[in-house]
Amino acid sequence: MKTTVMAGILALAAPLTPLSPAPTTTTAPATLPVTALPVTALPAPTGVHPVGKTDLHLVDHGRADPWVAGRPRELMVSIWYPARQATGRPVRYLTPQESELLIRSEPRLDGVPADTLAKVPTHARAGAPASRRKGGSPLVVLSPGMTLPRATMTSLAEELASRGYVVAGIEHTYESLGTTFPDGRTVTFEAGKAGQTPETGAKVARVRAADTEFVLDRLNRSKHWNRLIDERRIAMVGHSVGGQSAAHLLPATTRIKAAVNLDGTYNPATPAKPLDKPFMMIGNSRHQPESGGRDGSWDRFWPHVTGDGKRWLTVTGAEHLSFVDYAVLLPQLGLPRAQIDGERAIKITRTYVAAFLDLHLRGKRQPLLDRPSATYPEVRFW
């Protein structure tokens, strides 16, 4: 039986079960006609700053890779930042190799050219001169879902950078379907192939915590990035397993002051320490309290969130991928839409995440977070 990673994700498979069998059916999977080639695009950022971007290749020679034996841990990290001016070429969304691995993992995209996702236009410019402010800008660390590359959080990253944040998107190597390094190597998914277990979940959380601390160390030691970042104001935002990893890391580090979980199921279901810092969970309706959802992990996790700045929100009509770029890209490729429009879902995600960060990293009051809003009736407070 043929297996597919993306099909499992599209079917809302558990975050730590990246490989799932394709559905058995006598009807051939729907594919996009080759004559109707997709045109893909992301919504533009809305802030006042142009956006610059650079990619860093970081090697932790003091740590063995936890997923592949015989190699040190090496990471690709994308840095989005507010720029003085929009100079330089627009950066690509994915490499052709990464695009091919993602598209060929989904049988329903059989008619889509393999390099389509490499051609998605972005709104960031490579190497644009950074806008500097006295004391540095707040930093937001982004952690993507299992099997998903860091690029899938581009819409959020560009939005935050346009609002004056420096954003570091971490590619957790071997936890993504495709990661291309500067020397041309492209590696693929290796982590957690045995499926979802509490042990695998705990390991992923540990690995991502170590990855994050390593990246923060390297940025702090860099004369360039150290001048641009205010180390006193750091937050972490993760999608899916990236969200649950952010939750587990928040109480364990002094560096990260606030965190957001975008639709991530908790595995392990409880943190080692209570979360007494600002924390927001925002997900689809299956994460409503006592909703009868299949995991119930948000209900079990919530009593351990003890800080004053806590929020539990759900978005009516959203699905698991409604909080990342796939909300708009997958329908453009011909795959089914969620009940909520993709651009609307991205707008809600950007708006509420930015409000949370502005409140807790910049000290700006945010009435949007106090109660339901007539502007965003899909968002429910719990």
# chains A, B, ... in the order shown; residues from 1 in each chain; ligands from 1

$ closest_atom_pairs --of "range 302-371 of chain A" --to "range 130-140 of chain A" --cutoff "12 Å" --atoms "only C-alpha atoms" --output "CSV"
residue,atom,partner,partner_atom,distance
A:Val353,CA,A:Val140,CA,10.7
A:Ala354,CA,A:Val140,CA,10.4
A:Phe356,CA,A:Val140,CA,11.7
A:Leu357,CA,A:Val140,CA,8.6
A:Asp358,CA,A:Pro138,CA,9.6
A:Leu359,CA,A:Pro138,CA,12.0
A:His360,CA,A:Pro138,CA,10.4
A:Leu361,CA,A:Pro138,CA,6.8
A:Arg362,CA,A:Pro138,CA,8.0
A:Gly363,CA,A:Pro138,CA,11.6

$ write_last_selection --atoms "C-alpha atoms" --output "tab-separated table (two decimals), in the first residue's frame"
chain	number	residue	atom	x	y	z
A	353	VAL	CA	-0.55	36.37	17.39
A	354	ALA	CA	0.66	39.93	16.77
A	356	PHE	CA	-0.41	38.71	21.96
A	357	LEU	CA	3.21	39.57	21.17
A	358	ASP	CA	2.58	43.32	21.25
A	359	LEU	CA	1.03	42.94	24.69
A	360	HIS	CA	3.71	40.78	26.25
A	361	LEU	CA	6.89	41.89	24.46
A	362	ARG	CA	6.04	45.56	23.90
A	363	GLY	CA	3.66	46.28	26.75

$ residues_around --residues "Tyr93 in chain A" --least-positions-apart "5" --cutoff "9 Å" --atoms "only C-alpha atoms" --output "list in words"
Ser99, Leu117, Ala118, Lys119, Val120, Pro121, Thr122, Ala151, Thr152 and Thr154 of chain A

$ atom_distance --atom1 "CA of Val324 in chain A" --atom2 "CA of Thr179 in chain A"
18.1 Å

$ select_by_dssp --residues "range 95-321 of chain A" --states "alpha helix (DSSP H)" --output "compact mmCIF listing (two decimals) with all heavy atoms, in the first residue's frame"
# COMPACT_ATOMS: atom_id res chain seq x y z
N PRO A 96 13.81 23.84 -5.23
CA PRO A 96 13.14 22.87 -6.10
C PRO A 96 13.11 21.46 -5.51
O PRO A 96 12.12 20.74 -5.66
CB PRO A 96 13.96 22.92 -7.40
CG PRO A 96 14.55 24.30 -7.41
CD PRO A 96 14.85 24.61 -5.97
N GLN A 97 14.19 21.08 -4.82
CA GLN A 97 14.23 19.74 -4.22
C GLN A 97 13.20 19.60 -3.09
O GLN A 97 12.53 18.58 -2.97
CB GLN A 97 15.64 19.44 -3.68
CG GLN A 97 16.73 19.51 -4.74
CD GLN A 97 17.42 20.87 -4.77
OE1 GLN A 97 16.75 21.90 -4.65
NE2 GLN A 97 18.74 20.85 -4.93
N GLU A 98 13.11 20.63 -2.25
CA GLU A 98 12.12 20.61 -1.17
C GLU A 98 10.70 20.58 -1.73
O GLU A 98 9.84 19.83 -1.26
CB GLU A 98 12.31 21.84 -0.28
CG GLU A 98 13.61 21.82 0.52
CD GLU A 98 13.95 23.18 1.11
OE1 GLU A 98 13.38 24.20 0.66
OE2 GLU A 98 14.81 23.22 2.01
N SER A 99 10.48 21.39 -2.76
CA SER A 99 9.15 21.42 -3.40
C SER A 99 8.78 20.06 -3.94
O SER A 99 7.64 19.58 -3.75
CB SER A 99 9.14 22.47 -4.52
OG SER A 99 7.93 22.44 -5.23
N GLU A 100 9.70 19.40 -4.60
CA GLU A 100 9.40 18.09 -5.17
C GLU A 100 9.05 17.07 -4.09
O GLU A 100 8.11 16.28 -4.25
CB GLU A 100 10.58 17.59 -6.00
CG GLU A 100 10.32 16.25 -6.66
CD GLU A 100 11.42 15.82 -7.60
OE1 GLU A 100 12.47 16.49 -7.64
OE2 GLU A 100 11.23 14.82 -8.32
N LEU A 101 9.80 17.07 -2.99
CA LEU A 101 9.52 16.12 -1.92
C LEU A 101 8.12 16.34 -1.34
O LEU A 101 7.39 15.39 -1.07
CB LEU A 101 10.57 16.24 -0.82
CG LEU A 101 11.92 15.61 -1.12
CD1 LEU A 101 12.98 16.06 -0.11
CD2 LEU A 101 11.82 14.09 -1.13
N LEU A 102 7.73 17.60 -1.18
CA LEU A 102 6.41 17.88 -0.63
C LEU A 102 5.30 17.51 -1.62
O LEU A 102 4.33 16.84 -1.26
CB LEU A 102 6.29 19.35 -0.23
CG LEU A 102 6.60 19.66 1.24
CD1 LEU A 102 8.09 19.45 1.53
CD2 LEU A 102 6.20 21.08 1.59
N ILE A 103 5.44 17.91 -2.86
CA ILE A 103 4.37 17.68 -3.84
C ILE A 103 4.24 16.20 -4.17
O ILE A 103 3.12 15.67 -4.26
CB ILE A 103 4.62 18.53 -5.10
CG1 ILE A 103 4.32 20.00 -4.77
CG2 ILE A 103 3.76 18.05 -6.27
CD1 ILE A 103 4.59 20.95 -5.90
N THR A 154 5.81 31.25 6.64
CA THR A 154 6.29 32.48 6.01
C THR A 154 5.30 33.63 6.15
O THR A 154 5.69 34.78 6.42
CB THR A 154 6.59 32.22 4.52
OG1 THR A 154 7.70 31.32 4.41
CG2 THR A 154 6.93 33.51 3.79
N SER A 155 4.01 33.38 5.95
CA SER A 155 3.03 34.47 6.04
C SER A 155 3.07 35.15 7.41
O SER A 155 3.02 36.38 7.51
CB SER A 155 1.62 33.95 5.78
OG SER A 155 1.46 33.57 4.44
N LEU A 156 3.15 34.35 8.46
CA LEU A 156 3.24 34.91 9.80
C LEU A 156 4.57 35.61 10.00
O LEU A 156 4.63 36.71 10.57
CB LEU A 156 3.05 33.80 10.84
CG LEU A 156 3.13 34.22 12.31
CD1 LEU A 156 2.09 35.28 12.64
CD2 LEU A 156 2.98 33.00 13.21
N ALA A 157 5.65 35.01 9.54
CA ALA A 157 6.98 35.60 9.71
C ALA A 157 7.08 36.96 9.02
O ALA A 157 7.59 37.94 9.59
CB ALA A 157 8.05 34.65 9.18
N GLU A 158 6.60 37.04 7.78
CA GLU A 158 6.67 38.30 7.05
C GLU A 158 5.82 39.37 7.73
O GLU A 158 6.20 40.55 7.78
CB GLU A 158 6.23 38.09 5.61
CG GLU A 158 7.21 37.27 4.79
CD GLU A 158 6.77 37.09 3.35
OE1 GLU A 158 5.56 37.26 3.05
OE2 GLU A 158 7.63 36.77 2.51
N GLU A 159 4.65 38.97 8.23
CA GLU A 159 3.78 39.93 8.91
C GLU A 159 4.47 40.48 10.16
O GLU A 159 4.47 41.71 10.39
CB GLU A 159 2.46 39.25 9.30
CG GLU A 159 1.51 40.13 10.08
CD GLU A 159 0.91 41.26 9.27
OE1 GLU A 159 1.03 41.23 8.02
OE2 GLU A 159 0.34 42.18 9.88
N LEU A 160 5.05 39.61 10.97
CA LEU A 160 5.70 40.08 12.19
C LEU A 160 6.91 40.95 11.88
O LEU A 160 7.12 41.98 12.54
CB LEU A 160 6.09 38.88 13.06
CG LEU A 160 4.93 38.04 13.61
CD1 LEU A 160 5.47 36.84 14.37
CD2 LEU A 160 4.01 38.87 14.48
N ALA A 161 7.70 40.58 10.88
CA ALA A 161 8.85 41.40 10.51
C ALA A 161 8.40 42.77 10.01
O ALA A 161 9.05 43.79 10.31
CB ALA A 161 9.68 40.68 9.45
N SER A 162 7.30 42.81 9.27
CA SER A 162 6.81 44.10 8.78
C SER A 162 6.30 44.98 9.92
O SER A 162 6.18 46.19 9.77
CB SER A 162 5.69 43.88 7.75
OG SER A 162 4.45 43.58 8.35
N PRO A 198 4.02 8.51 23.51
CA PRO A 198 4.48 9.52 24.48
C PRO A 198 5.99 9.67 24.48
O PRO A 198 6.51 10.77 24.67
CB PRO A 198 3.95 8.99 25.81
CG PRO A 198 2.76 8.17 25.44
CD PRO A 198 3.10 7.53 24.13
N GLU A 199 6.70 8.57 24.24
CA GLU A 199 8.16 8.63 24.23
C GLU A 199 8.66 9.46 23.06
O GLU A 199 9.60 10.26 23.21
CB GLU A 199 8.74 7.21 24.17
CG GLU A 199 8.52 6.37 25.41
CD GLU A 199 7.09 5.84 25.53
OE1 GLU A 199 6.38 5.80 24.49
OE2 GLU A 199 6.67 5.49 26.65
N THR A 200 8.05 9.26 21.89
CA THR A 200 8.46 10.05 20.72
C THR A 200 8.13 11.52 20.94
O THR A 200 8.92 12.40 20.61
CB THR A 200 7.75 9.54 19.45
OG1 THR A 200 8.07 8.17 19.26
CG2 THR A 200 8.18 10.34 18.24
N GLY A 201 6.95 11.78 21.49
CA GLY A 201 6.57 13.16 21.76
C GLY A 201 7.54 13.84 22.70
O GLY A 201 7.94 15.00 22.49
N ALA A 202 7.92 13.14 23.75
CA ALA A 202 8.87 13.70 24.71
C ALA A 202 10.22 13.96 24.05
O ALA A 202 10.87 14.98 24.31
CB ALA A 202 9.02 12.78 25.91
N LYS A 203 10.65 13.03 23.19
CA LYS A 203 11.93 13.22 22.50
C LYS A 203 11.89 14.42 21.57
O LYS A 203 12.83 15.23 21.54
CB LYS A 203 12.31 11.95 21.72
CG LYS A 203 13.65 12.09 20.99
CD LYS A 203 14.04 10.79 20.28
CE LYS A 203 15.37 10.97 19.55
NZ LYS A 203 15.81 9.72 18.86
N VAL A 204 10.82 14.55 20.81
CA VAL A 204 10.69 15.70 19.91
C VAL A 204 10.75 17.00 20.70
O VAL A 204 11.42 17.97 20.30
CB VAL A 204 9.39 15.61 19.09
CG1 VAL A 204 9.11 16.91 18.35
CG2 VAL A 204 9.47 14.47 18.09
N ALA A 205 10.04 17.06 21.83
CA ALA A 205 10.07 18.27 22.65
C ALA A 205 11.48 18.57 23.15
O ALA A 205 11.93 19.72 23.14
CB ALA A 205 9.10 18.12 23.83
N ARG A 206 12.22 17.51 23.54
CA ARG A 206 13.60 17.72 24.01
C ARG A 206 14.49 18.20 22.87
O ARG A 206 15.32 19.11 23.06
CB ARG A 206 14.16 16.42 24.59
CG ARG A 206 13.56 15.98 25.92
CD ARG A 206 14.42 14.92 26.58
NE ARG A 206 14.65 13.76 25.72
CZ ARG A 206 13.86 12.70 25.66
NH1 ARG A 206 12.76 12.64 26.39
NH2 ARG A 206 14.17 11.67 24.87
N VAL A 207 14.36 17.59 21.71
CA VAL A 207 15.19 17.96 20.56
C VAL A 207 14.94 19.41 20.17
O VAL A 207 15.87 20.19 19.94
CB VAL A 207 14.93 17.02 19.39
CG1 VAL A 207 15.60 17.53 18.12
CG2 VAL A 207 15.42 15.61 19.70
N ARG A 208 13.67 19.78 20.11
CA ARG A 208 13.35 21.14 19.69
C ARG A 208 13.76 22.17 20.74
O ARG A 208 14.16 23.29 20.40
CB ARG A 208 11.87 21.25 19.34
CG ARG A 208 11.54 20.43 18.09
CD ARG A 208 10.20 20.76 17.52
NE ARG A 208 10.00 20.05 16.25
CZ ARG A 208 9.22 20.47 15.27
NH1 ARG A 208 8.55 21.60 15.40
NH2 ARG A 208 9.09 19.78 14.16
N ALA A 209 13.70 21.79 22.00
CA ALA A 209 14.19 22.69 23.04
C ALA A 209 15.69 22.92 22.87
O ALA A 209 16.17 24.07 22.96
CB ALA A 209 13.89 22.12 24.42
N ALA A 210 16.44 21.84 22.63
CA ALA A 210 17.88 21.98 22.43
C ALA A 210 18.19 22.77 21.16
O ALA A 210 19.12 23.60 21.14
CB ALA A 210 18.53 20.59 22.37
N ASP A 211 17.44 22.53 20.09
CA ASP A 211 17.63 23.30 18.86
C ASP A 211 17.42 24.79 19.12
O ASP A 211 18.20 25.63 18.66
CB ASP A 211 16.64 22.84 17.78
CG ASP A 211 16.96 21.49 17.17
OD1 ASP A 211 18.06 20.96 17.42
OD2 ASP A 211 16.10 20.96 16.44
N THR A 212 16.36 25.11 19.84
CA THR A 212 16.02 26.50 20.09
C THR A 212 17.08 27.19 20.94
O THR A 212 17.52 28.31 20.63
CB THR A 212 14.64 26.61 20.76
OG1 THR A 212 13.66 25.97 19.92
CG2 THR A 212 14.25 28.06 20.99
N GLU A 213 17.51 26.53 22.00
CA GLU A 213 18.54 27.12 22.86
C GLU A 213 19.84 27.33 22.08
O GLU A 213 20.53 28.35 22.25
CB GLU A 213 18.78 26.23 24.08
CG GLU A 213 17.59 26.14 25.04
CD GLU A 213 17.44 27.35 25.94
OE1 GLU A 213 18.07 28.41 25.66
OE2 GLU A 213 16.70 27.26 26.92
N PHE A 214 20.18 26.37 21.22
CA PHE A 214 21.39 26.50 20.40
C PHE A 214 21.29 27.69 19.46
O PHE A 214 22.23 28.48 19.33
CB PHE A 214 21.62 25.20 19.61
CG PHE A 214 22.68 25.31 18.55
CD1 PHE A 214 24.01 25.48 18.90
CD2 PHE A 214 22.34 25.24 17.21
CE1 PHE A 214 24.99 25.57 17.92
CE2 PHE A 214 23.32 25.33 16.23
CZ PHE A 214 24.65 25.50 16.59
N VAL A 215 20.15 27.85 18.79
CA VAL A 215 19.97 28.97 17.88
C VAL A 215 20.04 30.30 18.64
O VAL A 215 20.69 31.25 18.18
CB VAL A 215 18.63 28.84 17.12
CG1 VAL A 215 18.31 30.12 16.35
CG2 VAL A 215 18.68 27.66 16.16
N LEU A 216 19.41 30.36 19.79
CA LEU A 216 19.47 31.60 20.58
C LEU A 216 20.90 31.91 21.02
O LEU A 216 21.32 33.07 21.02
CB LEU A 216 18.54 31.49 21.79
CG LEU A 216 17.04 31.46 21.48
CD1 LEU A 216 16.24 31.26 22.77
CD2 LEU A 216 16.59 32.72 20.76
N ASP A 217 21.66 30.88 21.37
CA ASP A 217 23.07 31.08 21.72
C ASP A 217 23.84 31.68 20.55
O ASP A 217 24.61 32.63 20.71
CB ASP A 217 23.72 29.75 22.11
CG ASP A 217 23.40 29.32 23.53
OD1 ASP A 217 22.98 30.19 24.33
OD2 ASP A 217 23.54 28.13 23.83
N ARG A 218 23.64 31.10 19.36
CA ARG A 218 24.39 31.57 18.19
C ARG A 218 23.99 33.00 17.81
O ARG A 218 24.85 33.79 17.42
CB ARG A 218 24.17 30.61 17.03
CG ARG A 218 24.80 29.24 17.22
CD ARG A 218 26.34 29.32 17.26
NE ARG A 218 26.87 29.79 16.00
CZ ARG A 218 27.23 28.98 15.00
NH1 ARG A 218 27.12 27.65 15.13
NH2 ARG A 218 27.73 29.46 13.88
N LEU A 219 22.74 33.32 17.90
CA LEU A 219 22.31 34.68 17.58
C LEU A 219 22.89 35.67 18.60
O LEU A 219 23.30 36.78 18.25
CB LEU A 219 20.79 34.77 17.56
CG LEU A 219 20.08 34.00 16.44
CD1 LEU A 219 18.57 34.15 16.58
CD2 LEU A 219 20.53 34.49 15.07
N ASN A 220 22.93 35.26 19.85
CA ASN A 220 23.46 36.12 20.89
C ASN A 220 24.95 36.37 20.70
O ASN A 220 25.46 37.47 20.98
CB ASN A 220 23.20 35.51 22.26
CG ASN A 220 23.61 36.43 23.39
OD1 ASN A 220 23.32 37.60 23.38
ND2 ASN A 220 24.32 35.88 24.38
N ARG A 221 25.69 35.37 20.21
CA ARG A 221 27.14 35.50 20.01
C ARG A 221 27.49 36.21 18.72
O ARG A 221 28.64 36.62 18.53
CB ARG A 221 27.79 34.12 20.03
CG ARG A 221 27.62 33.38 21.36
CD ARG A 221 28.75 32.39 21.61
NE ARG A 221 29.05 31.56 20.46
CZ ARG A 221 28.63 30.31 20.30
NH1 ARG A 221 27.85 29.75 21.21
NH2 ARG A 221 28.99 29.61 19.25
N LYS A 223 27.85 39.20 16.34
CA LYS A 223 27.91 40.66 16.48
C LYS A 223 26.81 41.33 15.66
O LYS A 223 26.25 42.35 16.07
CB LYS A 223 29.28 41.17 16.05
CG LYS A 223 30.41 40.77 16.97
CD LYS A 223 31.73 41.36 16.52
CE LYS A 223 32.86 40.98 17.48
NZ LYS A 223 34.16 41.54 17.03
N HIS A 224 26.49 40.75 14.50
CA HIS A 224 25.45 41.33 13.65
C HIS A 224 24.07 41.20 14.28
O HIS A 224 23.37 42.19 14.49
CB HIS A 224 25.46 40.65 12.28
CG HIS A 224 24.34 41.09 11.39
ND1 HIS A 224 24.29 42.34 10.82
CD2 HIS A 224 23.21 40.45 10.98
CE1 HIS A 224 23.19 42.46 10.09
NE2 HIS A 224 22.52 41.32 10.17
N TRP A 225 23.68 39.97 14.63
CA TRP A 225 22.33 39.76 15.13
C TRP A 225 22.17 40.25 16.55
O TRP A 225 21.08 40.69 16.93
CB TRP A 225 21.96 38.28 15.02
CG TRP A 225 21.90 37.83 13.59
CD1 TRP A 225 22.74 36.95 12.97
CD2 TRP A 225 20.98 38.28 12.60
NE1 TRP A 225 22.40 36.82 11.65
CE2 TRP A 225 21.32 37.62 11.39
CE3 TRP A 225 19.90 39.16 12.60
CZ2 TRP A 225 20.61 37.83 10.21
CZ3 TRP A 225 19.20 39.37 11.43
CH2 TRP A 225 19.56 38.71 10.24
N ASN A 226 23.24 40.22 17.34
CA ASN A 226 23.15 40.71 18.70
C ASN A 226 22.78 42.19 18.75
O ASN A 226 22.07 42.64 19.65
CB ASN A 226 24.48 40.47 19.44
CG ASN A 226 24.43 40.91 20.88
OD1 ASN A 226 24.79 42.04 21.19
ND2 ASN A 226 23.97 40.02 21.75
N ARG A 227 23.24 42.96 17.77
CA ARG A 227 22.91 44.38 17.72
C ARG A 227 21.46 44.63 17.29
O ARG A 227 20.89 45.67 17.60
CB ARG A 227 23.85 45.11 16.76
CG ARG A 227 25.28 45.23 17.27
CD ARG A 227 26.04 46.29 16.49
NE ARG A 227 26.15 45.92 15.08
CZ ARG A 227 27.20 45.27 14.55
NH1 ARG A 227 28.20 44.91 15.33
NH2 ARG A 227 27.23 45.00 13.27
N LEU A 228 20.88 43.67 16.57
CA LEU A 228 19.52 43.86 16.05
C LEU A 228 18.45 43.34 17.00
O LEU A 228 17.28 43.71 16.87
CB LEU A 228 19.38 43.17 14.70
CG LEU A 228 20.22 43.70 13.54
CD1 LEU A 228 19.96 42.89 12.28
CD2 LEU A 228 19.91 45.17 13.28
N VAL A 241 3.17 20.21 16.32
CA VAL A 241 4.16 19.76 17.31
C VAL A 241 5.10 20.89 17.71
O VAL A 241 5.65 20.90 18.81
CB VAL A 241 4.94 18.54 16.77
CG1 VAL A 241 5.91 18.93 15.68
CG2 VAL A 241 5.67 17.83 17.89
N GLY A 242 5.26 21.89 16.83
CA GLY A 242 6.04 23.07 17.21
C GLY A 242 5.37 23.86 18.31
O GLY A 242 6.04 24.46 19.16
N GLY A 243 4.03 23.86 18.32
CA GLY A 243 3.30 24.54 19.37
C GLY A 243 3.40 23.84 20.70
O GLY A 243 3.59 24.47 21.75
N GLN A 244 3.28 22.50 20.67
CA GLN A 244 3.42 21.79 21.94
C GLN A 244 4.86 21.85 22.44
O GLN A 244 5.09 21.91 23.64
CB GLN A 244 2.95 20.34 21.78
CG GLN A 244 3.91 19.38 21.12
CD GLN A 244 4.49 18.35 22.09
OE1 GLN A 244 4.05 18.25 23.23
NE2 GLN A 244 5.46 17.59 21.63
N SER A 245 5.84 21.93 21.54
CA SER A 245 7.22 22.07 21.97
C SER A 245 7.46 23.42 22.62
O SER A 245 8.18 23.53 23.61
CB SER A 245 8.15 21.87 20.77
OG SER A 245 8.03 20.57 20.23
N ALA A 246 6.85 24.47 22.05
CA ALA A 246 6.97 25.80 22.65
C ALA A 246 6.39 25.82 24.05
O ALA A 246 6.95 26.42 24.97
CB ALA A 246 6.27 26.83 21.77
N ALA A 247 5.27 25.12 24.23
CA ALA A 247 4.63 25.06 25.54
C ALA A 247 5.52 24.36 26.56
O ALA A 247 5.64 24.80 27.71
CB ALA A 247 3.29 24.34 25.43
N HIS A 248 6.16 23.27 26.17
CA HIS A 248 7.01 22.54 27.10
C HIS A 248 8.31 23.29 27.40
O HIS A 248 8.87 23.16 28.49
CB HIS A 248 7.30 21.14 26.56
CG HIS A 248 6.15 20.19 26.69
ND1 HIS A 248 5.79 19.62 27.89
CD2 HIS A 248 5.26 19.73 25.78
CE1 HIS A 248 4.73 18.84 27.72
NE2 HIS A 248 4.39 18.90 26.45
N LEU A 249 8.79 24.07 26.42
CA LEU A 249 10.03 24.81 26.64
C LEU A 249 9.82 26.05 27.49
O LEU A 249 10.71 26.45 28.26
CB LEU A 249 10.64 25.21 25.28
CG LEU A 249 11.95 26.01 25.31
CD1 LEU A 249 13.04 25.25 26.07
CD2 LEU A 249 12.41 26.34 23.90
N SER A 297 -6.31 16.68 24.72
CA SER A 297 -5.09 17.07 25.42
C SER A 297 -5.12 18.51 25.89
O SER A 297 -4.45 18.86 26.87
CB SER A 297 -3.87 16.83 24.52
OG SER A 297 -3.82 17.76 23.45
N TRP A 298 -5.88 19.37 25.23
CA TRP A 298 -5.94 20.76 25.69
C TRP A 298 -6.65 20.85 27.04
O TRP A 298 -6.25 21.63 27.89
CB TRP A 298 -6.64 21.64 24.64
CG TRP A 298 -5.76 21.97 23.47
CD1 TRP A 298 -4.76 21.20 22.95
CD2 TRP A 298 -5.79 23.16 22.67
NE1 TRP A 298 -4.17 21.82 21.88
CE2 TRP A 298 -4.78 23.02 21.68
CE3 TRP A 298 -6.57 24.30 22.69
CZ2 TRP A 298 -4.55 24.00 20.72
CZ3 TRP A 298 -6.34 25.28 21.73
CH2 TRP A 298 -5.33 25.14 20.76
N ASP A 299 -7.68 20.04 27.23
CA ASP A 299 -8.37 20.02 28.52
C ASP A 299 -7.42 19.57 29.63
O ASP A 299 -7.44 20.12 30.74
CB ASP A 299 -9.57 19.07 28.46
CG ASP A 299 -10.62 19.52 27.46
OD1 ASP A 299 -10.50 19.18 26.27
OD2 ASP A 299 -11.55 20.21 27.87
N ARG A 300 -6.58 18.58 29.34
CA ARG A 300 -5.66 18.07 30.36
C ARG A 300 -4.51 19.03 30.61
O ARG A 300 -3.99 19.11 31.73
CB ARG A 300 -5.13 16.70 29.94
CG ARG A 300 -6.19 15.61 29.88
CD ARG A 300 -5.58 14.23 29.72
NE ARG A 300 -4.87 14.07 28.46
CZ ARG A 300 -5.46 13.68 27.33
NH1 ARG A 300 -6.76 13.42 27.31
NH2 ARG A 300 -4.76 13.56 26.22
N PHE A 301 -4.10 19.76 29.57
CA PHE A 301 -2.95 20.64 29.70
C PHE A 301 -3.30 21.96 30.40
O PHE A 301 -2.50 22.50 31.16
CB PHE A 301 -2.39 20.95 28.31
CG PHE A 301 -1.01 21.55 28.30
CD1 PHE A 301 0.11 20.75 28.33
CD2 PHE A 301 -0.83 22.94 28.28
CE1 PHE A 301 1.39 21.30 28.33
CE2 PHE A 301 0.43 23.50 28.28
CZ PHE A 301 1.54 22.68 28.30

$ closest_atom_pairs --of "range 106-142 of chain A" --to "range 331-351 of chain A" --cutoff "8 Å" --atoms "only C-alpha atoms" --output "tab-separated table"
residue	atom	partner	partner_atom	distance
A:Arg108	CA	A:Leu335	CA	7.5
A:Leu109	CA	A:Leu333	CA	7.4
A:Val112	CA	A:Leu333	CA	7.5

$ write_last_selection --atoms "N, CA and C atoms" --output "short mmCIF file (atom, residue, chain, number, x, y, z; two decimals), in the first residue's frame"
data_model
loop_
_atom_site.label_atom_id
_atom_site.label_comp_id
_atom_site.auth_asym_id
_atom_site.auth_seq_id
_atom_site.Cartn_x
_atom_site.Cartn_y
_atom_site.Cartn_z
N ARG A 108 -2.77 13.27 -4.80
CA ARG A 108 -3.73 14.14 -5.48
C ARG A 108 -3.07 15.31 -6.20
N LEU A 109 -1.77 15.50 -5.98
CA LEU A 109 -1.03 16.55 -6.69
C LEU A 109 -0.22 15.97 -7.85
N VAL A 112 0.61 18.23 -10.73
CA VAL A 112 1.24 19.51 -10.43
C VAL A 112 2.75 19.40 -10.65
#

$ select_by_dssp --residues "range 42-287 of chain A" --states "strand (DSSP E or B)" --output "ChimeraX atom specification"
/A:51-64,72-83,90-92,121-126,130,137-143,147,166-171,176,179-180,186-187,229-239,258-262,275,279-284

$ residues_around --residues "range 53-68 of chain A" --least-positions-apart "2" --cutoff "8 Å" --atoms "only C-alpha atoms" --output "VMD selection string"
chain A and resid 51 70 to 81 91 124 to 128 174 181 to 182 190 to 191 207 214 to 215

$ closest_residue --among "A:Thr375, A:Pro107, A:Gly178, A:Val166" --to "Glu231 in chain A" --atoms "only C-alpha atoms"
A:Val166

$ closest_residue --among "A:Arg286, A:Arg255, A:His239, A:His304" --to "Tyr326 in chain A" --atoms "only C-alpha atoms"
A:His239

$ atom_distance --atom1 "CA of Asp263 in chain A" --atom2 "CA of Ala44 in chain A"
23.0 Å

$ atom_distance --atom1 "CA of Leu94 in chain A" --atom2 "CA of Thr180 in chain A"
8.8 Å

$ closest_residue --among "A:Thr116, A:Thr188, A:Ser285, A:Thr46" --to "Leu330 in chain A" --atoms "only C-alpha atoms"
A:Thr116
